Amino acid sequence: MPDTTTLTSLPFDRTPFESLLKRRVFFTESFEIYRKATNFNGDNKGLYDYGPPGCALQANIVDAWRKHFVLEEDMLELDCTMLTPEEVFKTSGHVEKFADWMCKDPITGDYLRADHLVESVLEGRLDGDRRARSLAIEKEEKAGSDSKKNKLKAKDVEAMRLDDPTKQEYEEILAKIDNYDGPELGELIKRLNIRNPNSNNPVLPPIPFNLMFKTSIGPSAAASAYLRPETAQSQFVNFRKLLEYNQNQMPFASASIGKAFRNEIAPRSGLLRVREFLLAEIEHFVDPDGGKKHEKFEEVREVELRLLDRETQLAGQTDLRIMMIGEAVKQRIVDNETLGYFLARVRLFLQKLGVSMEKLRFRQHLANEMAHYATDCWDAELLTSYGWIECVGCADRSVYDLTVHAKRTGEALVVREPLAEPLEVEEWQAMLDKKKLGPKFRKDAKTIEDAIAALSQTALESAAATLEKEEKITLRLSDSHSDITLSTDLITISQVTRLEHTREYTPNVIEPSFGIGRILYSLLEHVYWHREGDVARGVLSLPPSIAPTKVLLVPLSAQPAFLPILRTLSRKLRALGISSRIDDSSATIGKRYSRNDELGTPFGVTVDFESVKDGSVTLRERDGMRQVRSSQEGVVEAIVRLVAGLETWEDVESRLPAFGVE
Ligand SMILES: Nc1ncnc2c1ncn2[C@@H]1O[C@H](COP(=O)(O)OP(=O)(O)OP(=O)(O)O)[C@@H](O)[C@H]1O
């Protein structure tokens, strides 16, 4: 395994891998036959269907997620609608801000995501430079051997070569590519002469493109709505009910799994950037006072994480800091225990799925990159042949969402806790003389009262000072109103002491958000390999608990006596909740095993002539192709223990006698 910290993408032969996924129908482009038969264009891209093994794999990942998070943390799960009224997303800021910057090629009509355009062109130029440098070395080594060829190469080499300052600038831009806003990307595109790679045409300056799918509800089409781009908002609007359900106990977390929709500008890289995907989200509500501690932080303190922090990226570098989460929180690289706790739990979850730990890093968002609601954010990124891919986003959304929904609806989305000791609170209070206010200001009197009531403590304090000095204050009710003057006979502002019996606060929200499709695809790349010297014999080394099918049941040959034994085994496994498949096709036993290696099936049971005589069967393990022989009961018991993770294959081998090797 090369040092993955310095890699920008995984060296990986995608051709046989993709052919395996296609052949075994893990997933497929939606409406594929229409794509071929009609003029289905790029606007219908980014839609995928999962086939049988893909579906089972996805279900097992979701099941593992529920057990690892919802069950372990006693989270409150919700299942909410995907259709969401416009007002909700206006309030949350998505209508205004949930957008990516997009460039148009005015000649071909291609639409390109501006940051991806800059990234791919600069990466291409750096790649060209790398190749040029290695060709130059090769040329030097072969000097004089083939002068014509070397001359040609020299011309190409020159064209691809970058001078050192340019190379350094490109590397710095790429390290912080997510930090540029639209005008900054526009400036880079112009200055660095970045063009549409498909046509080499210049592109128009970037404009924002909202990623939400708009629709309407009801026959009148009057109620505008959106397909949700995240599940989070429904969890926030249900906050009060969840808090009550939780008997007003804090902290707590809600969770939701469901489809999300984003009208991506340019879907690409298979399942990694699609327009409809499964999202599993947690909203953990925590008291902001007391440093966002987490009571189970001790349990994860020593979990080691590979971190790429903000400072490192701003310095144009990609070196990872490998440290325990306890240390990262202590040094304030990760802001608080709750965020740290979830980063560690995310790592443990991905490890359980079979993700390679050398190909996982946590990258902190740069300031401009963060979503409009976030105050800190770390992405769990997995290294794939497409580069480092964000698979889980862990954001500290602070009080943003609950505050905006509370303000818009008037619903108190807060926690109220009785105080053990009443608290003395000093505060500024304004008193209006309503008997004089009404006759003087008539219809404006109520607006003035509301405006005074809405003044913050700081505003009241400064108004009190003005009143004392100038014996009047001036108030602007709205842009269309002329200023209103209130003199000391109408208003007094003084400091009073009040006893408070409850504490009221808006919880902060820490949100880990999991893109299940991205995790599934990256995991498949991580567990894929092929048998020595034979690309056609691919294997998916998925852990037994995650593998789509756990057991392959095969008869050694087409003997009718074998089938009843297979059926009994299949029934027993089914009763234990373990998925199995009988393969009694005419293919050789080796071919049948290979087919199942490609599906990631971890175990195979073979029924042969011995089985008919003494009831014993063989049990085969996928990765090392080793086999043991035992009674049917012994084999079923071993499978149960292996799938539940109670035993390893080595444990089984130490108990049961080995059987001949394939
Ligand atoms: N178009 C997509 N296709 C598949 N999964 C996605 C897509 N967009 C987001 N996700 C998944 O949803 C998770 C949460 O979404 P989030 O808003 O944090 O992503 P994002 O920052 O917009 O992603 P990106 O920067 O890659 O567009 C991501 O970590 C990712 O796993």
# chains A, B, ... in the order shown; residues from 1 in each chain; ligands from 1
>>> residues_near_ligand(ligand="ligand 1", cutoff="9 Å", atoms="only C-alpha atoms and all ligand atoms", output="VMD selection string")
chain A and resid 46 98 100 178 229 to 230 260 to 264 267 to 268 270 to 281 369 to 371 377 379 to 381 389 to 395 512 to 519
>>> residues_around(residues="Arg14 in chain A", least_positions_apart="6", cutoff="12 Å", atoms="only C-alpha atoms", output="JSON, numbers by chain")
{"A": [20, 21, 22, 269, 270, 384, 385, 386, 524, 525, 526, 528, 529, 535, 538]}
>>> atom_distance(atom1="CA of Gln627 in chain A", atom2="CA of Leu523 in chain A")
26.5 Å
>>> residues_around(residues="range 468-473 of chain A", least_positions_apart="2", cutoff="12 Å", atoms="only C-alpha atoms", output="list of chain:residue names")
A:Ile452, A:Ala459, A:Leu460, A:Glu461, A:Ser462, A:Ala463, A:Ala464, A:Ala465, A:Thr466, A:Leu475, A:Arg476, A:Asp483, A:Ile484, A:Thr485, A:Leu486, A:Ser487, A:Thr488, A:Asp489, A:Leu490, A:Ile491, A:Thr492, A:Ile493, A:Ser494
>>> atom_distance(atom1="CA of Leu307 in chain A", atom2="CA of Leu382 in chain A")
12.4 Å
>>> closest_residue(among="A:Val612, A:Val95, A:Lys436, A:Phe349", to="Gln559 in chain A", atoms="only C-alpha atoms")
A:Val612
>>> residues_around(residues="Glu621 in chain A", least_positions_apart="5", cutoff="7 Å", atoms="only C-alpha atoms", output="list in words")
Pro602, Phe603, Gly604, Arg626 and Gln627 of chain A
>>> closest_atom_pairs(of="range 177-243 of chain A", to="range 163-173 of chain A", cutoff="12 Å", atoms="only C-alpha atoms", output="tab-separated table")
residue	atom	partner	partner_atom	distance
A:Ile177	CA	A:Ile173	CA	5.6
A:Asp178	CA	A:Ile173	CA	9.2
A:Asn179	CA	A:Ile173	CA	9.2
A:Tyr180	CA	A:Ile173	CA	9.1
A:Glu184	CA	A:Ile173	CA	11.1
A:Leu185	CA	A:Ile173	CA	10.2
A:Leu188	CA	A:Ile173	CA	9.2
A:Ile189	CA	A:Ile173	CA	11.8
A:Leu192	CA	A:Tyr170	CA	9.6
>>> write_last_selection(atoms="C-alpha atoms", output="CSV table (one decimal), in the first residue's frame")
chain,number,residue,atom,x,y,z
A,177,ILE,CA,-10.2,25.1,-4.2
A,178,ASP,CA,-13.4,24.8,-2.0
A,179,ASN,CA,-12.6,28.2,-0.5
A,180,TYR,CA,-13.3,30.3,-3.6
A,184,GLU,CA,-12.9,34.6,-7.3
A,185,LEU,CA,-13.4,31.5,-9.5
A,188,LEU,CA,-9.0,32.5,-11.8
A,189,ILE,CA,-10.7,31.3,-15.0
A,192,LEU,CA,-5.3,31.3,-16.0
>>> closest_residue(among="A:Ser120, A:Thr312, A:Gln632, A:Ser579", to="Arg195 in chain A", atoms="only C-alpha atoms")
A:Ser120
>>> residues_around(residues="Cys80 in chain A", least_positions_apart="2", cutoff="10 Å", atoms="only C-alpha atoms", output="list in words")
Glu77, Leu78, Met82, Leu83, Thr84, Thr231, Ala232, Gln233, Ser234, Gln235, Asn238, Ser256, Ile257 and Gly258 of chain A
>>> select_by_dssp(residues="range 382-518 of chain A", states="helix (DSSP H, G or I)", output="count of residues only")
47
>>> select_by_dssp(residues="range 421-661 of chain A", states="strand (DSSP E or B)", output="ChimeraX atom specification")
/A:421-432,472-475,484-487,491-505,508-515,528-530,538-540,551-555,580-582,603-607,616-621,627-631,658-659
>>> closest_residue(among="A:Ile510, A:Leu437, A:Ala547, A:Leu542", to="Asn336 in chain A", atoms="only C-alpha atoms")
A:Ile510
>>> residues_around(residues="Asn201 in chain A", least_positions_apart="6", cutoff="12 Å", atoms="only C-alpha atoms", output="mmCIF file with C-alpha atoms, in the first residue's frame")
data_model
loop_
_atom_site.group_PDB
_atom_site.id
_atom_site.type_symbol
_atom_site.label_atom_id
_atom_site.label_comp_id
_atom_site.auth_asym_id
_atom_site.auth_seq_id
_atom_site.Cartn_x
_atom_site.Cartn_y
_atom_site.Cartn_z
ATOM 1 C CA CYS A 103 -20.124 28.457 -16.080
ATOM 2 C CA LYS A 104 -21.653 28.118 -19.521
ATOM 3 C CA ASP A 105 -19.823 27.381 -22.738
ATOM 4 C CA PRO A 106 -21.707 29.843 -25.012
ATOM 5 C CA ILE A 107 -20.895 27.882 -28.179
ATOM 6 C CA THR A 108 -21.635 24.257 -27.193
ATOM 7 C CA GLY A 109 -24.171 25.109 -24.456
ATOM 8 C CA ASP A 110 -22.263 22.906 -21.938
ATOM 9 C CA ASN A 193 -7.060 31.047 -19.399
ATOM 10 C CA ILE A 194 -9.185 28.123 -18.247
ATOM 11 C CA ARG A 195 -11.465 26.810 -21.005
#
>>> atom_distance(atom1="CA of Asn368 in chain A", atom2="CA of Asp335 in chain A")
17.7 Å
